[in-house]
Each structure stands twice: as C-alpha cells, then as structure tokens.
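Asks: Structure supplied as input.txt; contents: compact mmCIF, N, CA and C atoms.
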```
# COMPACT_ATOMS: atom_id res chain seq x y z
N MET A 1242 6.91 25.96 41.93
CA MET A 1242 6.90 25.31 40.66
C MET A 1242 5.55 25.57 40.00
N SER A 1243 5.55 25.79 38.70
CA SER A 1243 4.32 26.05 37.99
C SER A 1243 3.69 24.75 37.52
N ASP A 1244 2.38 24.82 37.22
CA ASP A 1244 1.66 23.65 36.73
C ASP A 1244 1.92 23.51 35.24
N THR A 1245 2.78 22.61 34.87
CA THR A 1245 3.14 22.40 33.47
C THR A 1245 2.65 21.03 33.04
N SER A 1246 1.92 21.01 31.95
CA SER A 1246 1.45 19.74 31.40
C SER A 1246 2.20 19.46 30.12
N ASN A 1247 2.79 18.33 30.07
CA ASN A 1247 3.49 17.90 28.86
C ASN A 1247 2.75 16.70 28.29
N TYR A 1248 2.30 16.84 27.05
CA TYR A 1248 1.58 15.77 26.40
C TYR A 1248 2.44 15.21 25.28
N TYR A 1249 2.67 13.93 25.33
CA TYR A 1249 3.46 13.28 24.30
C TYR A 1249 2.57 12.23 23.63
N GLY A 1250 1.91 12.62 22.59
CA GLY A 1250 1.01 11.71 21.90
C GLY A 1250 -0.42 12.20 22.00
N ASP A 1251 -1.34 11.33 21.76
CA ASP A 1251 -2.75 11.67 21.72
C ASP A 1251 -3.31 11.88 23.12
N VAL A 1252 -4.09 12.93 23.26
CA VAL A 1252 -4.80 13.19 24.49
C VAL A 1252 -6.26 13.36 24.14
N VAL A 1253 -7.10 12.57 24.78
CA VAL A 1253 -8.53 12.63 24.50
C VAL A 1253 -9.27 12.75 25.82
N ASN A 1254 -10.11 13.77 25.90
CA ASN A 1254 -10.98 13.93 27.05
C ASN A 1254 -12.42 13.78 26.57
N VAL A 1255 -13.14 12.83 27.13
CA VAL A 1255 -14.52 12.60 26.73
C VAL A 1255 -15.38 12.73 27.97
N ASN A 1256 -16.33 13.61 27.88
CA ASN A 1256 -17.28 13.80 28.97
C ASN A 1256 -18.67 13.46 28.44
N GLY A 1257 -19.09 12.22 28.62
CA GLY A 1257 -20.39 11.80 28.10
C GLY A 1257 -20.30 11.50 26.62
N GLY A 1258 -21.48 11.31 26.01
CA GLY A 1258 -21.52 11.07 24.57
C GLY A 1258 -22.02 9.67 24.23
N GLU A 1259 -22.34 9.50 22.98
CA GLU A 1259 -22.80 8.22 22.48
C GLU A 1259 -22.07 7.87 21.20
N ARG A 1260 -21.95 6.60 20.97
CA ARG A 1260 -21.34 6.09 19.74
C ARG A 1260 -20.02 6.77 19.42
N LEU A 1261 -19.15 6.84 20.37
CA LEU A 1261 -17.85 7.46 20.18
C LEU A 1261 -16.97 6.53 19.37
N ILE A 1262 -16.33 7.05 18.40
CA ILE A 1262 -15.53 6.25 17.48
C ILE A 1262 -14.07 6.18 17.92
N GLY A 1263 -13.52 7.27 18.28
CA GLY A 1263 -12.11 7.31 18.65
C GLY A 1263 -11.40 8.38 17.84
N ILE A 1264 -10.13 8.23 17.72
CA ILE A 1264 -9.30 9.23 17.05
C ILE A 1264 -9.13 8.84 15.58
N ASN A 1265 -9.34 9.79 14.70
CA ASN A 1265 -9.12 9.57 13.27
C ASN A 1265 -7.77 10.17 12.92
N HIS A 1266 -6.84 9.33 12.56
CA HIS A 1266 -5.50 9.79 12.18
C HIS A 1266 -5.37 9.93 10.67
N GLY A 1267 -6.49 10.07 10.00
CA GLY A 1267 -6.47 10.25 8.56
C GLY A 1267 -6.56 8.96 7.78
N THR A 1268 -6.63 7.85 8.44
CA THR A 1268 -6.77 6.57 7.76
C THR A 1268 -8.24 6.29 7.57
N VAL A 1269 -8.62 6.15 6.33
CA VAL A 1269 -10.02 5.89 6.02
C VAL A 1269 -10.11 4.56 5.30
N VAL A 1270 -10.96 3.72 5.79
CA VAL A 1270 -11.15 2.42 5.16
C VAL A 1270 -12.57 2.38 4.63
N HIS A 1271 -12.70 2.15 3.35
CA HIS A 1271 -14.02 2.04 2.73
C HIS A 1271 -14.23 0.60 2.30
N ASN A 1272 -15.44 0.19 2.39
CA ASN A 1272 -15.78 -1.13 1.86
C ASN A 1272 -16.42 -0.92 0.50
N ASP A 1273 -15.59 -0.85 -0.52
CA ASP A 1273 -16.06 -0.59 -1.87
C ASP A 1273 -16.22 -1.87 -2.67
N ALA A 1274 -16.42 -2.98 -1.99
CA ALA A 1274 -16.52 -4.26 -2.68
C ALA A 1274 -17.66 -4.26 -3.69
N ALA A 1275 -18.80 -3.69 -3.32
CA ALA A 1275 -19.95 -3.67 -4.24
C ALA A 1275 -19.64 -2.79 -5.44
N GLN A 1276 -19.02 -1.62 -5.20
CA GLN A 1276 -18.68 -0.74 -6.31
C GLN A 1276 -17.62 -1.37 -7.20
N ASP A 1277 -16.65 -2.05 -6.60
CA ASP A 1277 -15.62 -2.70 -7.40
C ASP A 1277 -16.21 -3.80 -8.26
N THR A 1278 -17.19 -4.53 -7.73
CA THR A 1278 -17.86 -5.57 -8.50
C THR A 1278 -18.60 -4.94 -9.68
N GLU A 1279 -19.29 -3.83 -9.41
CA GLU A 1279 -19.99 -3.12 -10.49
C GLU A 1279 -19.02 -2.62 -11.54
N LEU A 1280 -17.87 -2.08 -11.09
CA LEU A 1280 -16.88 -1.56 -12.02
C LEU A 1280 -16.32 -2.68 -12.88
N ARG A 1281 -15.98 -3.81 -12.26
CA ARG A 1281 -15.47 -4.94 -13.04
C ARG A 1281 -16.50 -5.42 -14.06
N ALA A 1282 -17.76 -5.48 -13.64
CA ALA A 1282 -18.82 -5.91 -14.56
C ALA A 1282 -18.99 -4.91 -15.70
N ALA A 1283 -18.91 -3.62 -15.40
CA ALA A 1283 -19.06 -2.59 -16.44
C ALA A 1283 -17.91 -2.65 -17.44
N VAL A 1284 -16.70 -2.85 -16.95
CA VAL A 1284 -15.53 -2.96 -17.85
C VAL A 1284 -15.64 -4.22 -18.71
N ALA A 1285 -16.04 -5.34 -18.10
CA ALA A 1285 -16.20 -6.59 -18.86
C ALA A 1285 -17.28 -6.45 -19.92
N ASP A 1286 -18.39 -5.80 -19.55
CA ASP A 1286 -19.49 -5.59 -20.50
C ASP A 1286 -19.03 -4.72 -21.68
N LEU A 1287 -18.33 -3.63 -21.37
CA LEU A 1287 -17.85 -2.74 -22.42
C LEU A 1287 -16.86 -3.46 -23.32
N THR A 1288 -15.97 -4.23 -22.74
CA THR A 1288 -14.98 -4.98 -23.54
C THR A 1288 -15.67 -5.96 -24.48
N ARG A 1289 -16.66 -6.68 -23.96
CA ARG A 1289 -17.40 -7.63 -24.79
C ARG A 1289 -18.12 -6.92 -25.93
N LEU A 1290 -18.77 -5.80 -25.61
CA LEU A 1290 -19.49 -5.05 -26.65
C LEU A 1290 -18.55 -4.49 -27.71
N LEU A 1291 -17.37 -4.05 -27.28
CA LEU A 1291 -16.40 -3.54 -28.26
C LEU A 1291 -15.90 -4.67 -29.16
N ASP A 1292 -15.69 -5.83 -28.59
CA ASP A 1292 -15.29 -6.98 -29.43
C ASP A 1292 -16.37 -7.31 -30.45
N ASP A 1293 -17.64 -7.22 -30.03
CA ASP A 1293 -18.75 -7.48 -30.94
C ASP A 1293 -18.87 -6.41 -32.02
N LEU A 1294 -18.48 -5.18 -31.69
CA LEU A 1294 -18.62 -4.05 -32.61
C LEU A 1294 -17.51 -4.01 -33.67
N ARG A 1295 -16.35 -4.53 -33.35
CA ARG A 1295 -15.20 -4.39 -34.25
C ARG A 1295 -15.44 -4.82 -35.69
N PRO A 1296 -16.17 -5.90 -35.98
CA PRO A 1296 -16.39 -6.26 -37.38
C PRO A 1296 -17.18 -5.19 -38.16
N ALA A 1297 -17.93 -4.35 -37.47
CA ALA A 1297 -18.73 -3.33 -38.15
C ALA A 1297 -17.96 -2.03 -38.34
N LEU A 1298 -16.71 -1.99 -37.93
CA LEU A 1298 -15.94 -0.75 -37.97
C LEU A 1298 -15.02 -0.69 -39.18
N ALA A 1299 -14.69 0.53 -39.56
CA ALA A 1299 -13.67 0.75 -40.58
C ALA A 1299 -12.32 0.33 -39.99
N PRO A 1300 -11.35 0.01 -40.83
CA PRO A 1300 -10.06 -0.47 -40.32
C PRO A 1300 -9.39 0.46 -39.30
N ASP A 1301 -9.43 1.77 -39.55
CA ASP A 1301 -8.78 2.68 -38.59
C ASP A 1301 -9.56 2.74 -37.27
N GLN A 1302 -10.89 2.63 -37.34
CA GLN A 1302 -11.70 2.60 -36.12
C GLN A 1302 -11.43 1.31 -35.34
N ALA A 1303 -11.32 0.20 -36.05
CA ALA A 1303 -11.04 -1.09 -35.41
C ALA A 1303 -9.68 -1.06 -34.72
N ARG A 1304 -8.69 -0.41 -35.34
CA ARG A 1304 -7.37 -0.28 -34.72
C ARG A 1304 -7.45 0.54 -33.44
N THR A 1305 -8.22 1.63 -33.47
CA THR A 1305 -8.38 2.47 -32.29
C THR A 1305 -9.01 1.67 -31.15
N VAL A 1306 -10.03 0.90 -31.47
CA VAL A 1306 -10.68 0.07 -30.45
C VAL A 1306 -9.70 -0.99 -29.94
N GLU A 1307 -8.98 -1.62 -30.85
CA GLU A 1307 -8.00 -2.64 -30.45
C GLU A 1307 -6.94 -2.05 -29.52
N ASN A 1308 -6.50 -0.84 -29.80
CA ASN A 1308 -5.51 -0.18 -28.95
C ASN A 1308 -6.11 0.25 -27.61
N ALA A 1309 -7.42 0.48 -27.58
CA ALA A 1309 -8.07 0.92 -26.35
C ALA A 1309 -8.35 -0.23 -25.39
N LEU A 1310 -8.53 -1.42 -25.91
CA LEU A 1310 -8.93 -2.56 -25.07
C LEU A 1310 -7.97 -2.83 -23.89
N PRO A 1311 -6.66 -2.80 -24.08
CA PRO A 1311 -5.78 -3.04 -22.92
C PRO A 1311 -5.88 -1.96 -21.84
N ALA A 1312 -6.34 -0.78 -22.21
CA ALA A 1312 -6.47 0.31 -21.25
C ALA A 1312 -7.71 0.19 -20.39
N LEU A 1313 -8.63 -0.68 -20.78
CA LEU A 1313 -9.88 -0.85 -20.03
C LEU A 1313 -9.65 -1.84 -18.90
N THR A 1314 -9.28 -1.32 -17.75
CA THR A 1314 -9.05 -2.14 -16.57
C THR A 1314 -10.00 -1.69 -15.47
N PRO A 1315 -10.37 -2.57 -14.56
CA PRO A 1315 -11.27 -2.18 -13.47
C PRO A 1315 -10.56 -1.42 -12.37
N ASP A 1316 -9.83 -0.39 -12.75
CA ASP A 1316 -9.09 0.46 -11.82
C ASP A 1316 -9.59 1.89 -12.01
N ARG A 1317 -10.28 2.42 -11.00
CA ARG A 1317 -10.90 3.75 -11.11
C ARG A 1317 -9.90 4.83 -11.48
N THR A 1318 -8.78 4.85 -10.79
CA THR A 1318 -7.77 5.89 -11.03
C THR A 1318 -7.24 5.80 -12.45
N ALA A 1319 -6.92 4.60 -12.88
CA ALA A 1319 -6.38 4.42 -14.23
C ALA A 1319 -7.41 4.83 -15.28
N LEU A 1320 -8.67 4.45 -15.08
CA LEU A 1320 -9.70 4.80 -16.06
C LEU A 1320 -9.93 6.31 -16.10
N ARG A 1321 -9.86 6.97 -14.96
CA ARG A 1321 -10.02 8.43 -14.95
C ARG A 1321 -8.89 9.11 -15.71
N GLU A 1322 -7.68 8.54 -15.59
CA GLU A 1322 -6.53 9.11 -16.29
C GLU A 1322 -6.59 8.83 -17.79
N ARG A 1323 -7.36 7.85 -18.18
CA ARG A 1323 -7.44 7.45 -19.59
C ARG A 1323 -8.70 7.98 -20.25
N GLY A 1324 -9.09 9.17 -19.87
CA GLY A 1324 -10.31 9.78 -20.39
C GLY A 1324 -10.31 9.95 -21.90
N MET A 1325 -9.15 10.24 -22.48
CA MET A 1325 -9.07 10.43 -23.93
C MET A 1325 -9.37 9.12 -24.66
N ILE A 1326 -8.94 8.02 -24.10
CA ILE A 1326 -9.21 6.73 -24.72
C ILE A 1326 -10.71 6.45 -24.69
N LEU A 1327 -11.33 6.71 -23.53
CA LEU A 1327 -12.78 6.51 -23.43
C LEU A 1327 -13.53 7.45 -24.37
N ALA A 1328 -13.03 8.67 -24.51
CA ALA A 1328 -13.67 9.64 -25.40
C ALA A 1328 -13.57 9.18 -26.86
N SER A 1329 -12.43 8.64 -27.26
CA SER A 1329 -12.29 8.19 -28.65
C SER A 1329 -13.19 6.99 -28.92
N VAL A 1330 -13.33 6.09 -27.94
CA VAL A 1330 -14.23 4.95 -28.11
C VAL A 1330 -15.67 5.44 -28.19
N SER A 1331 -16.00 6.42 -27.38
CA SER A 1331 -17.35 7.00 -27.40
C SER A 1331 -17.64 7.64 -28.76
N GLN A 1332 -16.68 8.34 -29.29
CA GLN A 1332 -16.85 8.98 -30.60
C GLN A 1332 -17.06 7.94 -31.69
N ILE A 1333 -16.32 6.85 -31.64
CA ILE A 1333 -16.49 5.79 -32.63
C ILE A 1333 -17.89 5.18 -32.51
N ALA A 1334 -18.32 4.93 -31.28
CA ALA A 1334 -19.66 4.35 -31.06
C ALA A 1334 -20.74 5.27 -31.62
N ALA A 1335 -20.57 6.57 -31.44
CA ALA A 1335 -21.56 7.52 -31.95
C ALA A 1335 -21.52 7.59 -33.48
N THR A 1336 -20.34 7.44 -34.05
CA THR A 1336 -20.18 7.55 -35.50
C THR A 1336 -20.85 6.41 -36.24
N VAL A 1337 -20.83 5.21 -35.67
CA VAL A 1337 -21.38 4.05 -36.38
C VAL A 1337 -22.88 3.91 -36.21
N GLY A 1338 -23.48 4.81 -35.47
CA GLY A 1338 -24.93 4.86 -35.38
C GLY A 1338 -25.54 3.83 -34.44
N GLU A 1339 -26.66 3.27 -34.89
CA GLU A 1339 -27.46 2.37 -34.04
C GLU A 1339 -26.67 1.15 -33.59
N VAL A 1340 -25.79 0.66 -34.43
CA VAL A 1340 -25.00 -0.52 -34.08
C VAL A 1340 -24.04 -0.21 -32.91
N GLY A 1341 -23.68 1.05 -32.73
CA GLY A 1341 -22.78 1.45 -31.65
C GLY A 1341 -23.50 1.89 -30.38
N ARG A 1342 -24.83 1.91 -30.42
CA ARG A 1342 -25.60 2.38 -29.26
C ARG A 1342 -25.33 1.57 -28.00
N PRO A 1343 -25.26 0.23 -28.05
CA PRO A 1343 -24.96 -0.52 -26.82
C PRO A 1343 -23.60 -0.14 -26.22
N VAL A 1344 -22.62 0.14 -27.06
CA VAL A 1344 -21.30 0.56 -26.57
C VAL A 1344 -21.41 1.92 -25.90
N ALA A 1345 -22.13 2.84 -26.52
CA ALA A 1345 -22.31 4.17 -25.93
C ALA A 1345 -23.01 4.07 -24.58
N GLU A 1346 -24.01 3.21 -24.48
CA GLU A 1346 -24.72 3.03 -23.21
C GLU A 1346 -23.81 2.41 -22.15
N ALA A 1347 -23.00 1.43 -22.55
CA ALA A 1347 -22.06 0.81 -21.61
C ALA A 1347 -21.02 1.82 -21.14
N LEU A 1348 -20.57 2.67 -22.05
CA LEU A 1348 -19.64 3.74 -21.65
C LEU A 1348 -20.29 4.69 -20.67
N GLY A 1349 -21.54 5.01 -20.89
CA GLY A 1349 -22.27 5.88 -19.97
C GLY A 1349 -22.36 5.28 -18.58
N ARG A 1350 -22.64 3.97 -18.50
CA ARG A 1350 -22.70 3.29 -17.20
C ARG A 1350 -21.34 3.30 -16.52
N LEU A 1351 -20.30 3.05 -17.30
CA LEU A 1351 -18.94 3.05 -16.75
C LEU A 1351 -18.55 4.43 -16.23
N LEU A 1352 -18.83 5.46 -17.00
CA LEU A 1352 -18.49 6.82 -16.58
C LEU A 1352 -19.28 7.23 -15.34
N ALA A 1353 -20.52 6.77 -15.23
CA ALA A 1353 -21.32 7.06 -14.04
C ALA A 1353 -20.69 6.43 -12.80
N LEU A 1354 -20.10 5.25 -12.94
CA LEU A 1354 -19.44 4.60 -11.82
C LEU A 1354 -18.16 5.32 -11.43
N LEU A 1355 -17.52 5.95 -12.40
CA LEU A 1355 -16.27 6.67 -12.12
C LEU A 1355 -16.53 8.01 -11.43
N GLY A 1356 -17.74 8.50 -11.58
CA GLY A 1356 -18.11 9.76 -10.91
C GLY A 1356 -17.67 10.94 -11.59
```
Please render this file's structure as structure tokens.
Replies:
Amino acid sequence: MSDTSNYYGDVVNVNGGERLIGINHGTVVHNDAAQDTELRAAVADLTRLLDDLRPALAPDQARTVENALPALTPDRTALRERGMILASVSQIAATVGEVGRPVAEALGRLLALLG
C-alpha cells in the first residue's frame, strides 16, 4: 500500500514562530469606529454649512443644494458613488466666492476621509 494523505479541510504545520495569528479565510474585521465618527461629523458639518449657505444662493443653486442634502449620508460607499453630487456642490461653493469657502473646505475634509 502506498503512503496516501487525504486532507479534508485546513491543514496547518507550524514549526516555531512568534505571534502566530492563525488561518485567514478572507474575513477581515476593521475597527473603523474612529473613522466613522469623523465621517459622521464631516457630513453633519457640511450639511449645516450648506443650510447656512442656501440664503446666499440663486434659486437654481439653492434647488441643487436642496436636492443634494438627502444624498449626504455617513456611508463611504454611497458618498463615493455620489461624486457628481459632491462635485456640483463644490462648484456652487466656488461660484459664490468667499461666502462659500467654508463649504469648500468642509467638502475637502469629507473627500479626504473618503480617500
């Protein structure tokens, strides 16, 4: 009879070593609580600044901002997919000049968090 090895499942051979973690089956758990808190704060700050800016906007700009507000959620994936909305808000902030600078800065902080 020949030497046949049948392995059904995980086989791990460890000869020495330090700080061994184990088998990674592709499940990754991140503790992004601090980043999520920052993201929520950045979205809340931007929303507040946009509300403050709306009286200084032309009617069509105010409508664009009003339509953008529901899209501003503290969800990284959703915000990345809504890049055009963020770009239109950024363009409005740049158009209104100095009064829109805080909004542009808040957008910059938010985009930095999104990576």
Asks: Determine the nearest neighbour of A:Thr1318 from the options A:Leu1355, A:Arg1289, A:Gln1332, A:Val1344, counting only N, CA and C atoms.
Replies: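 Checking each candidate against A:Thr1318, we get A:Leu1355 as the closest.
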Asks: Expressed in Å to a single decimal, how great is the separation between atom C of A:Leu1313 and atom N of A:Val1284?
Replies: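 Computed distance, atom C of A:Leu1313 to atom N of A:Val1284, equals 7.4 Å.
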Asks: Go through A:Leu1290, A:Ala1312, A:Ala1328, A:Leu1298 one by one, measure the shortest atom-to-atom distance of each to A:Pro1343 using all atoms listed in the file, and give the residue with the smallest value.
Replies: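 Of A:Leu1290, A:Ala1312, A:Ala1328, A:Leu1298, the one nearest A:Pro1343 is A:Leu1290, counting all atoms listed in the file.
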Asks: Could you jot down the atom C of A:Leu1280 to atom C of A:Pro1315 separation for me, Å, one decimal place?
Replies: 5.9 Å
Asks: For a test of reading the model, state the distance in Å between atom CA of A:Thr1314 and atom C of A:Leu1287, rounded to one decimal.
Replies: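 Computing the Euclidean distance for atom CA of A:Thr1314 and atom C of A:Leu1287 yields 10.4 Å.
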